[in-house]
$ cat structure-v8.pdb   # PDB, C-alpha atoms
MODEL        1
ATOM      1  CA  MET J 246       1.312  -3.840 -22.094
ATOM      2  CA  ASN J 247       1.948  -4.261 -18.403
ATOM      3  CA  GLN J 248      -1.270  -3.193 -16.698
ATOM      4  CA  GLU J 249       0.359  -2.986 -13.268
ATOM      5  CA  GLY J 250       2.991  -0.429 -14.218
ATOM      6  CA  PRO J 251       6.776  -0.768 -14.026
ATOM      7  CA  ARG J 252       8.843  -1.921 -11.100
ATOM      8  CA  HIS J 253      10.129   1.200  -9.363
ATOM      9  CA  ARG J 254      13.854   1.270 -10.006
ATOM     10  CA  ARG J 255      15.946   3.632 -12.082
ATOM     11  CA  LEU J 256      15.924   2.367 -15.649
ATOM     12  CA  TYR J 257      16.175   3.842 -19.113
ATOM     13  CA  ALA J 258      12.745   4.820 -20.475
ATOM     14  CA  ILE J 259      13.152   4.644 -24.248
ATOM     15  CA  VAL J 260      10.341   6.715 -25.717
ATOM     16  CA  ASP J 261       8.774   7.420 -29.076
ATOM     17  CA  ILE J 262       5.642   9.439 -29.756
ATOM     18  CA  GLU J 263       3.574  10.389 -32.790
ATOM     19  CA  THR J 264       1.865  13.769 -32.950
ATOM     20  CA  THR J 265      -0.440  15.874 -35.107
ATOM     21  CA  GLY J 266       2.334  18.384 -35.792
ATOM     22  CA  GLY J 267       5.677  19.774 -34.714
ATOM     23  CA  ILE J 268       4.652  22.657 -32.466
ATOM     24  CA  VAL J 269       4.316  21.510 -28.868
ATOM     25  CA  THR J 270       1.696  24.033 -27.788
ATOM     26  CA  ASP J 271      -0.420  23.601 -30.923
ATOM     27  CA  SER J 272      -0.275  19.834 -31.530
ATOM     28  CA  GLY J 273      -1.765  16.729 -29.976
ATOM     29  CA  ILE J 274      -0.201  13.353 -29.277
ATOM     30  CA  THR J 275      -1.602  10.408 -31.231
ATOM     31  CA  GLU J 276       0.566   7.532 -29.991
ATOM     32  CA  VAL J 277       3.013   6.804 -27.174
ATOM     33  CA  ALA J 278       5.405   3.874 -26.812
ATOM     34  CA  ILE J 279       7.812   3.302 -23.927
ATOM     35  CA  ARG J 280      10.399   0.563 -23.593
ATOM     36  CA  LEU J 281      11.943   0.202 -20.144
ATOM     37  CA  HIS J 282      15.550  -0.927 -20.440
ATOM     38  CA  ASN J 283      17.921  -2.008 -17.677
ATOM     39  CA  GLY J 284      21.121  -1.257 -19.573
ATOM     40  CA  LEU J 285      21.246  -4.721 -21.107
ATOM     41  CA  GLU J 286      17.772  -5.431 -22.449
ATOM     42  CA  ILE J 287      14.133  -4.364 -22.526
ATOM     43  CA  VAL J 288      12.353  -5.355 -19.305
ATOM     44  CA  ASP J 289       8.903  -3.823 -19.859
ATOM     45  CA  ARG J 290       6.791  -2.330 -22.630
ATOM     46  CA  TYR J 291       3.966   0.205 -22.792
ATOM     47  CA  GLU J 292       2.134   1.566 -25.813
ATOM     48  CA  THR J 293      -1.172   3.189 -26.601
ATOM     49  CA  LEU J 294      -2.947   5.147 -29.276
ATOM     50  CA  VAL J 295      -4.159   8.531 -28.043
ATOM     51  CA  ASN J 296      -7.126  10.607 -29.144
ATOM     52  CA  PRO J 297      -5.549  14.026 -29.802
ATOM     53  CA  GLU J 298      -8.949  15.758 -29.594
ATOM     54  CA  ARG J 299      -8.311  17.482 -32.913
ATOM     55  CA  PRO J 300      -8.175  16.419 -36.574
ATOM     56  CA  ILE J 301      -5.007  14.703 -37.774
ATOM     57  CA  PRO J 302      -3.676  16.572 -40.838
ATOM     58  CA  PRO J 303      -3.589  14.561 -44.088
ATOM     59  CA  PHE J 304       0.207  14.806 -44.305
ATOM     60  CA  ILE J 305       0.581  13.307 -40.828
ATOM     61  CA  GLN J 306      -1.927  10.564 -41.668
ATOM     62  CA  GLY J 307       0.154   9.700 -44.725
ATOM     63  CA  LEU J 308       3.398   9.706 -42.721
ATOM     64  CA  THR J 309       2.273   7.662 -39.717
ATOM     65  CA  GLY J 310      -0.716   5.750 -41.030
ATOM     66  CA  ILE J 311      -2.698   6.978 -38.013
ATOM     67  CA  ASN J 312      -6.028   8.517 -38.999
ATOM     68  CA  ASP J 313      -8.968  10.064 -37.172
ATOM     69  CA  GLU J 314     -10.960   6.836 -37.256
ATOM     70  CA  MET J 315      -8.167   4.875 -35.564
ATOM     71  CA  VAL J 316      -7.998   7.201 -32.555
ATOM     72  CA  ARG J 317     -11.693   8.098 -32.248
ATOM     73  CA  ASP J 318     -12.302   5.597 -29.428
ATOM     74  CA  SER J 319      -8.807   5.781 -27.950
ATOM     75  CA  PRO J 320      -8.147   7.401 -24.551
ATOM     76  CA  THR J 321      -7.244  11.069 -24.444
ATOM     77  CA  PHE J 322      -3.838  12.009 -23.114
ATOM     78  CA  ALA J 323      -5.427  13.113 -19.849
ATOM     79  CA  ASP J 324      -6.865   9.599 -19.495
ATOM     80  CA  VAL J 325      -3.430   7.944 -19.694
ATOM     81  CA  ALA J 326      -1.196  10.700 -18.301
ATOM     82  CA  ALA J 327      -0.827   9.153 -14.850
ATOM     83  CA  GLU J 328       0.052   5.748 -16.314
ATOM     84  CA  ILE J 329       2.607   7.250 -18.702
ATOM     85  CA  HIS J 330       4.119   9.207 -15.831
ATOM     86  CA  ARG J 331       4.528   6.019 -13.788
ATOM     87  CA  TYR J 332       6.677   4.577 -16.565
ATOM     88  CA  LEU J 333       8.797   7.727 -16.846
ATOM     89  CA  GLU J 334       9.113   8.840 -13.245
ATOM     90  CA  GLY J 335      12.557   8.293 -11.734
ATOM     91  CA  ASN J 336      14.011   6.920 -14.969
ATOM     92  CA  ILE J 337      16.421   8.260 -17.580
ATOM     93  CA  PHE J 338      14.475   9.521 -20.602
ATOM     94  CA  VAL J 339      15.942   8.237 -23.883
ATOM     95  CA  ALA J 340      14.794   9.019 -27.415
ATOM     96  CA  HIS J 341      16.053   9.529 -30.948
ATOM     97  CA  ASN J 342      16.076  13.350 -31.107
ATOM     98  CA  VAL J 343      15.126  13.463 -27.442
ATOM     99  CA  GLY J 344      14.158  17.138 -27.362
ATOM    100  CA  PHE J 345      11.059  16.461 -29.455
ATOM    101  CA  ASP J 346       9.603  13.582 -27.439
ATOM    102  CA  TYR J 347      10.596  15.036 -24.073
ATOM    103  CA  SER J 348       9.160  18.505 -24.736
ATOM    104  CA  PHE J 349       5.831  17.086 -25.945
ATOM    105  CA  LEU J 350       5.406  14.722 -23.011
ATOM    106  CA  LYS J 351       6.522  17.306 -20.449
ATOM    107  CA  TYR J 352       4.037  19.849 -21.844
ATOM    108  CA  HIS J 353       1.087  17.466 -22.118
ATOM    109  CA  LEU J 354       1.768  16.008 -18.679
ATOM    110  CA  SER J 355       1.701  19.557 -17.309
ATOM    111  CA  LEU J 356      -1.683  20.127 -18.963
ATOM    112  CA  ALA J 357      -2.855  17.025 -17.092
ATOM    113  CA  GLY J 358      -1.619  18.519 -13.830
ATOM    114  CA  ILE J 359       1.573  16.424 -13.601
ATOM    115  CA  GLU J 360       4.946  18.129 -13.337
ATOM    116  CA  PHE J 361       7.710  16.088 -14.941
ATOM    117  CA  SER J 362      11.456  16.412 -15.236
ATOM    118  CA  ALA J 363      14.070  13.762 -16.014
ATOM    119  CA  PRO J 364      17.699  13.336 -17.078
ATOM    120  CA  ARG J 365      17.834  12.787 -20.822
ATOM    121  CA  LEU J 366      19.881  10.877 -23.384
ATOM    122  CA  CYS J 367      19.668  11.435 -27.137
ATOM    123  CA  THR J 368      20.519   8.473 -29.350
ATOM    124  CA  VAL J 369      21.201  10.851 -32.263
ATOM    125  CA  LYS J 370      23.942  12.613 -30.279
ATOM    126  CA  LEU J 371      25.271   9.351 -28.853
ATOM    127  CA  SER J 372      25.383   7.788 -32.319
ATOM    128  CA  ARG J 373      27.351  10.717 -33.715
ATOM    129  CA  LYS J 374      29.917  10.329 -30.922
ATOM    130  CA  ILE J 375      30.123   6.539 -30.718
ATOM    131  CA  LYS J 376      29.630   5.675 -34.423
ATOM    132  CA  PRO J 377      30.875   8.687 -36.395
ATOM    133  CA  GLY J 378      30.994   8.838 -40.161
ATOM    134  CA  HIS J 379      27.429   7.992 -41.180
ATOM    135  CA  LYS J 380      25.903  10.190 -43.882
ATOM    136  CA  SER J 381      22.611  10.404 -41.997
ATOM    137  CA  TYR J 382      21.637   9.863 -38.383
ATOM    138  CA  SER J 383      17.915   9.616 -39.002
ATOM    139  CA  LEU J 384      16.530   6.540 -37.284
ATOM    140  CA  GLY J 385      15.598   4.795 -40.526
ATOM    141  CA  LYS J 386      18.926   5.306 -42.284
ATOM    142  CA  LEU J 387      20.986   4.574 -39.197
ATOM    143  CA  CYS J 388      19.108   1.329 -38.567
ATOM    144  CA  ASN J 389      19.641   0.351 -42.193
ATOM    145  CA  ASP J 390      23.387   1.037 -41.920
ATOM    146  CA  LEU J 391      23.673  -0.948 -38.679
ATOM    147  CA  ASN J 392      21.394  -3.833 -39.752
ATOM    148  CA  ILE J 393      18.811  -3.079 -37.087
ATOM    149  CA  THR J 394      15.299  -4.253 -37.885
ATOM    150  CA  LEU J 395      12.844  -1.357 -38.023
ATOM    151  CA  ASN J 396       9.224  -2.362 -38.485
ATOM    152  CA  ASN J 397       6.364   0.112 -38.839
ATOM    153  CA  ARG J 398       8.491   3.223 -39.362
ATOM    154  CA  HIS J 399       6.839   6.380 -37.986
ATOM    155  CA  ARG J 400       4.717   4.340 -35.606
ATOM    156  CA  ALA J 401       5.628   4.742 -31.955
ATOM    157  CA  ALA J 402       6.014   1.050 -31.108
ATOM    158  CA  GLY J 403       8.185   0.227 -34.120
ATOM    159  CA  ASP J 404      10.413   3.246 -33.655
ATOM    160  CA  ALA J 405      10.749   2.706 -29.887
ATOM    161  CA  GLU J 406      11.675  -0.952 -30.398
ATOM    162  CA  ALA J 407      14.353  -0.068 -32.955
ATOM    163  CA  THR J 408      15.661   2.752 -30.765
ATOM    164  CA  ALA J 409      15.972   0.269 -27.886
ATOM    165  CA  ILE J 410      18.066  -2.072 -30.047
ATOM    166  CA  LEU J 411      20.196   0.864 -31.193
ATOM    167  CA  PHE J 412      20.627   2.018 -27.590
ATOM    168  CA  THR J 413      21.702  -1.459 -26.480
ATOM    169  CA  ARG J 414      24.385  -1.491 -29.144
ATOM    170  CA  LEU J 415      25.534   2.033 -28.333
ATOM    171  CA  LEU J 416      26.049   1.017 -24.707
ATOM    172  CA  GLU J 417      28.051  -2.009 -25.890
ATOM    173  CA  TRP J 418      30.220   0.188 -28.123
ATOM    174  CA  ASP J 419      30.617   3.076 -25.658
ATOM    175  CA  SER J 420      34.199   2.407 -24.564
ATOM    176  CA  LYS J 421      34.891   6.110 -23.912
ATOM    177  CA  GLY J 422      31.963   6.810 -21.590
ATOM    178  CA  TYR J 423      29.976   9.177 -23.812
ATOM    179  CA  THR J 424      26.713   8.013 -22.203
ATOM    180  CA  ALA J 425      27.807   9.102 -18.746
ATOM    181  CA  SER J 426      29.238  12.298 -20.238
ATOM    182  CA  GLN J 427      25.915  13.210 -21.852
ATOM    183  CA  LEU J 428      24.250  12.725 -18.460
ATOM    184  CA  ARG J 429      27.064  14.760 -16.879
ATOM    185  CA  LEU J 430      27.929  11.814 -14.633
ATOM    186  CA  PRO J 431      31.458  10.800 -13.664
ATOM    187  CA  ARG J 432      32.863   7.684 -15.323
ATOM    188  CA  SER J 433      32.986   6.129 -11.843
ATOM    189  CA  MET J 434      29.182   5.867 -11.887
ATOM    190  CA  GLN J 435      29.399   3.172 -14.548
ATOM    191  CA  GLN J 436      30.055  -0.469 -13.837
ATOM    192  CA  PRO J 437      31.186  -3.209 -16.247
ATOM    193  CA  THR J 438      29.056  -6.284 -16.868
ATOM    194  CA  GLU J 439      30.530  -9.722 -17.507
ATOM    195  CA  ASN J 440      30.834  -8.988 -21.224
ATOM    196  CA  GLY J 441      32.589  -5.676 -20.614
ATOM    197  CA  GLN J 442      29.555  -3.516 -21.395
ATOM    198  CA  MET J 443      29.309  -0.380 -19.275
ATOM    199  CA  VAL J 444      26.038   0.198 -17.431
ATOM    200  CA  LEU J 445      25.119   3.148 -15.255
ATOM    201  CA  PHE J 446      24.640   2.370 -11.599
ATOM    202  CA  GLN J 447      20.961   2.017 -10.788
ATOM    203  CA  ALA J 448      19.618   4.283  -8.062
TER     204      ALA J 448
ENDMDL
END
$ encode --input "structure-v8.pdb" --output "structure tokens"
Amino acid sequence: MNQEGPRHRRLYAIVDIETTGGIVTDSGITEVAIRLHNGLEIVDRYETLVNPERPIPPFIQGLTGINDEMVRDSPTFADVAAEIHRYLEGNIFVAHNVGFDYSFLKYHLSLAGIEFSAPRLCTVKLSRKIKPGHKSYSLGKLCNDLNITLNNRHRAAGDAEATAILFTRLLEWDSKGYTASQLRLPRSMQQPTENGQMVLFQA
């Protein structure tokens, strides 16, 4: 974890979180992982367990492996909200099923007194466009189909790392500009790298 925070430049913030449930207003966050990506590779990493200040249901403990004992001495979300915001601010928010991660972080940042808004990319939607024909677009099954290593499934760091690899490949395969389209940006705002990969201009 970079203790000094990210360099301030528009990047992709690839995010995965674990929570105590699926309802934003009635669930806590138990883990956050962020991978900052420059369009070619990961350039910074952040991750932390979070004390959700409520019991973790047995089903969630079984799914994620995160239990009450593991988070008892971890920071609360309010404790790390400013640091998380520094990694997200000014960047493009990327996640697998982005609505889930974005809505949770936006809501919990607001509870900490931080207003947050960002352009978003969903690797589920991008995968359906760029690599159609898969039976399932869940992260685990998609990674298996594409031979992407996924360690510690349903843990934020493992899922974020795999999503970053998937995102890198999607950018490589995105010959029709679906990434820019999802951001509602003109194709002219992309630039080719030496290997032909299209990367959004950095602000």
$ resolve_selection --input "structure-v8.pdb" --expression "the PyMOL selection byres ((chain J and resi 272-278) around 7)" --output "list in words"
Val260, Asp261, Ile262, Glu263, Thr264, Thr265, Gly266, Gly267, Ile268, Val269, Thr270, Asp271, Ile279, Arg280, Tyr291, Glu292, Thr293, Leu294, Val295, Asn296, Pro297, Ala401, Ala402 and Ala405 of chain J
$ atom_distance --input "structure-v8.pdb" --atom1 "atom CA of J:Thr408" --atom2 "atom CA of J:Arg290"
13.1 Å
$ atom_distance --input "structure-v8.pdb" --atom1 "atom CA of J:Lys351" --atom2 "atom CA of J:Ile410"
24.5 Å
$ resolve_selection --input "structure-v8.pdb" --expression "the PyMOL selection byres ((chain J and resi 359) around 12)" --output "list in words"
Phe322, Ala323, Val325, Ala326, Ala327, Glu328, Ile329, His330, Arg331, Leu333, Glu334, Leu350, Lys351, Tyr352, His353, Leu354, Ser355, Leu356, Ala357, Gly358, Glu360, Phe361 and Ser362 of chain J
$ write_last_selection --input "structure-v8.pdb" --atoms "C-alpha atoms" --output "tab-separated table (two decimals), keeping the file's coordinate frame"
chain	number	residue	atom	x	y	z
J	322	PHE	CA	-3.84	12.01	-23.11
J	323	ALA	CA	-5.43	13.11	-19.85
J	325	VAL	CA	-3.43	7.94	-19.69
J	326	ALA	CA	-1.20	10.70	-18.30
J	327	ALA	CA	-0.83	9.15	-14.85
J	328	GLU	CA	0.05	5.75	-16.31
J	329	ILE	CA	2.61	7.25	-18.70
J	330	HIS	CA	4.12	9.21	-15.83
J	331	ARG	CA	4.53	6.02	-13.79
J	333	LEU	CA	8.80	7.73	-16.85
J	334	GLU	CA	9.11	8.84	-13.24
J	350	LEU	CA	5.41	14.72	-23.01
J	351	LYS	CA	6.52	17.31	-20.45
J	352	TYR	CA	4.04	19.85	-21.84
J	353	HIS	CA	1.09	17.47	-22.12
J	354	LEU	CA	1.77	16.01	-18.68
J	355	SER	CA	1.70	19.56	-17.31
J	356	LEU	CA	-1.68	20.13	-18.96
J	357	ALA	CA	-2.86	17.02	-17.09
J	358	GLY	CA	-1.62	18.52	-13.83
J	360	GLU	CA	4.95	18.13	-13.34
J	361	PHE	CA	7.71	16.09	-14.94
J	362	SER	CA	11.46	16.41	-15.24
$ resolve_selection --input "structure-v8.pdb" --expression "the PyMOL selection byres ((chain J and resi 367-378) around 12)" --output "PDB file with C-alpha atoms, keeping the file's coordinate frame"
ATOM      1  CA  TYR J 257      16.175   3.842 -19.113  1.00  0.00           C
ATOM      2  CA  ALA J 258      12.745   4.820 -20.475  1.00  0.00           C
ATOM      3  CA  ILE J 259      13.152   4.644 -24.248  1.00  0.00           C
ATOM      4  CA  VAL J 260      10.341   6.715 -25.717  1.00  0.00           C
ATOM      5  CA  ASP J 261       8.774   7.420 -29.076  1.00  0.00           C
ATOM      6  CA  ILE J 337      16.421   8.260 -17.580  1.00  0.00           C
ATOM      7  CA  PHE J 338      14.475   9.521 -20.602  1.00  0.00           C
ATOM      8  CA  VAL J 339      15.942   8.237 -23.883  1.00  0.00           C
ATOM      9  CA  ALA J 340      14.794   9.019 -27.415  1.00  0.00           C
ATOM     10  CA  HIS J 341      16.053   9.529 -30.948  1.00  0.00           C
ATOM     11  CA  ASN J 342      16.076  13.350 -31.107  1.00  0.00           C
ATOM     12  CA  VAL J 343      15.126  13.463 -27.442  1.00  0.00           C
ATOM     13  CA  GLY J 344      14.158  17.138 -27.362  1.00  0.00           C
ATOM     14  CA  PHE J 345      11.059  16.461 -29.455  1.00  0.00           C
ATOM     15  CA  ASP J 346       9.603  13.582 -27.439  1.00  0.00           C
ATOM     16  CA  TYR J 347      10.596  15.036 -24.073  1.00  0.00           C
ATOM     17  CA  PRO J 364      17.699  13.336 -17.078  1.00  0.00           C
ATOM     18  CA  ARG J 365      17.834  12.787 -20.822  1.00  0.00           C
ATOM     19  CA  LEU J 366      19.881  10.877 -23.384  1.00  0.00           C
ATOM     20  CA  HIS J 379      27.429   7.992 -41.180  1.00  0.00           C
ATOM     21  CA  LYS J 380      25.903  10.190 -43.882  1.00  0.00           C
ATOM     22  CA  SER J 381      22.611  10.404 -41.997  1.00  0.00           C
ATOM     23  CA  TYR J 382      21.637   9.863 -38.383  1.00  0.00           C
ATOM     24  CA  SER J 383      17.915   9.616 -39.002  1.00  0.00           C
ATOM     25  CA  LEU J 384      16.530   6.540 -37.284  1.00  0.00           C
ATOM     26  CA  GLY J 385      15.598   4.795 -40.526  1.00  0.00           C
ATOM     27  CA  LYS J 386      18.926   5.306 -42.284  1.00  0.00           C
ATOM     28  CA  LEU J 387      20.986   4.574 -39.197  1.00  0.00           C
ATOM     29  CA  CYS J 388      19.108   1.329 -38.567  1.00  0.00           C
ATOM     30  CA  ASP J 390      23.387   1.037 -41.920  1.00  0.00           C
ATOM     31  CA  LEU J 391      23.673  -0.948 -38.679  1.00  0.00           C
ATOM     32  CA  ALA J 405      10.749   2.706 -29.887  1.00  0.00           C
ATOM     33  CA  ALA J 407      14.353  -0.068 -32.955  1.00  0.00           C
ATOM     34  CA  THR J 408      15.661   2.752 -30.765  1.00  0.00           C
ATOM     35  CA  ALA J 409      15.972   0.269 -27.886  1.00  0.00           C
ATOM     36  CA  ILE J 410      18.066  -2.072 -30.047  1.00  0.00           C
ATOM     37  CA  LEU J 411      20.196   0.864 -31.193  1.00  0.00           C
ATOM     38  CA  PHE J 412      20.627   2.018 -27.590  1.00  0.00           C
ATOM     39  CA  THR J 413      21.702  -1.459 -26.480  1.00  0.00           C
ATOM     40  CA  ARG J 414      24.385  -1.491 -29.144  1.00  0.00           C
ATOM     41  CA  LEU J 415      25.534   2.033 -28.333  1.00  0.00           C
ATOM     42  CA  LEU J 416      26.049   1.017 -24.707  1.00  0.00           C
ATOM     43  CA  GLU J 417      28.051  -2.009 -25.890  1.00  0.00           C
ATOM     44  CA  TRP J 418      30.220   0.188 -28.123  1.00  0.00           C
ATOM     45  CA  ASP J 419      30.617   3.076 -25.658  1.00  0.00           C
ATOM     46  CA  SER J 420      34.199   2.407 -24.564  1.00  0.00           C
ATOM     47  CA  LYS J 421      34.891   6.110 -23.912  1.00  0.00           C
ATOM     48  CA  GLY J 422      31.963   6.810 -21.590  1.00  0.00           C
ATOM     49  CA  TYR J 423      29.976   9.177 -23.812  1.00  0.00           C
ATOM     50  CA  THR J 424      26.713   8.013 -22.203  1.00  0.00           C
ATOM     51  CA  ALA J 425      27.807   9.102 -18.746  1.00  0.00           C
ATOM     52  CA  SER J 426      29.238  12.298 -20.238  1.00  0.00           C
ATOM     53  CA  GLN J 427      25.915  13.210 -21.852  1.00  0.00           C
ATOM     54  CA  LEU J 428      24.250  12.725 -18.460  1.00  0.00           C
TER      55      LEU J 428
END
$ closest_residue --input "structure-v8.pdb" --among "J:Glu298, J:Leu256, J:Pro303, J:Gly335" --to "J:Ser319" --atoms "all atoms listed in the file"
J:Glu298
$ atom_distance --input "structure-v8.pdb" --atom1 "atom CA of J:Arg400" --atom2 "atom CA of J:Gly310"
7.8 Å
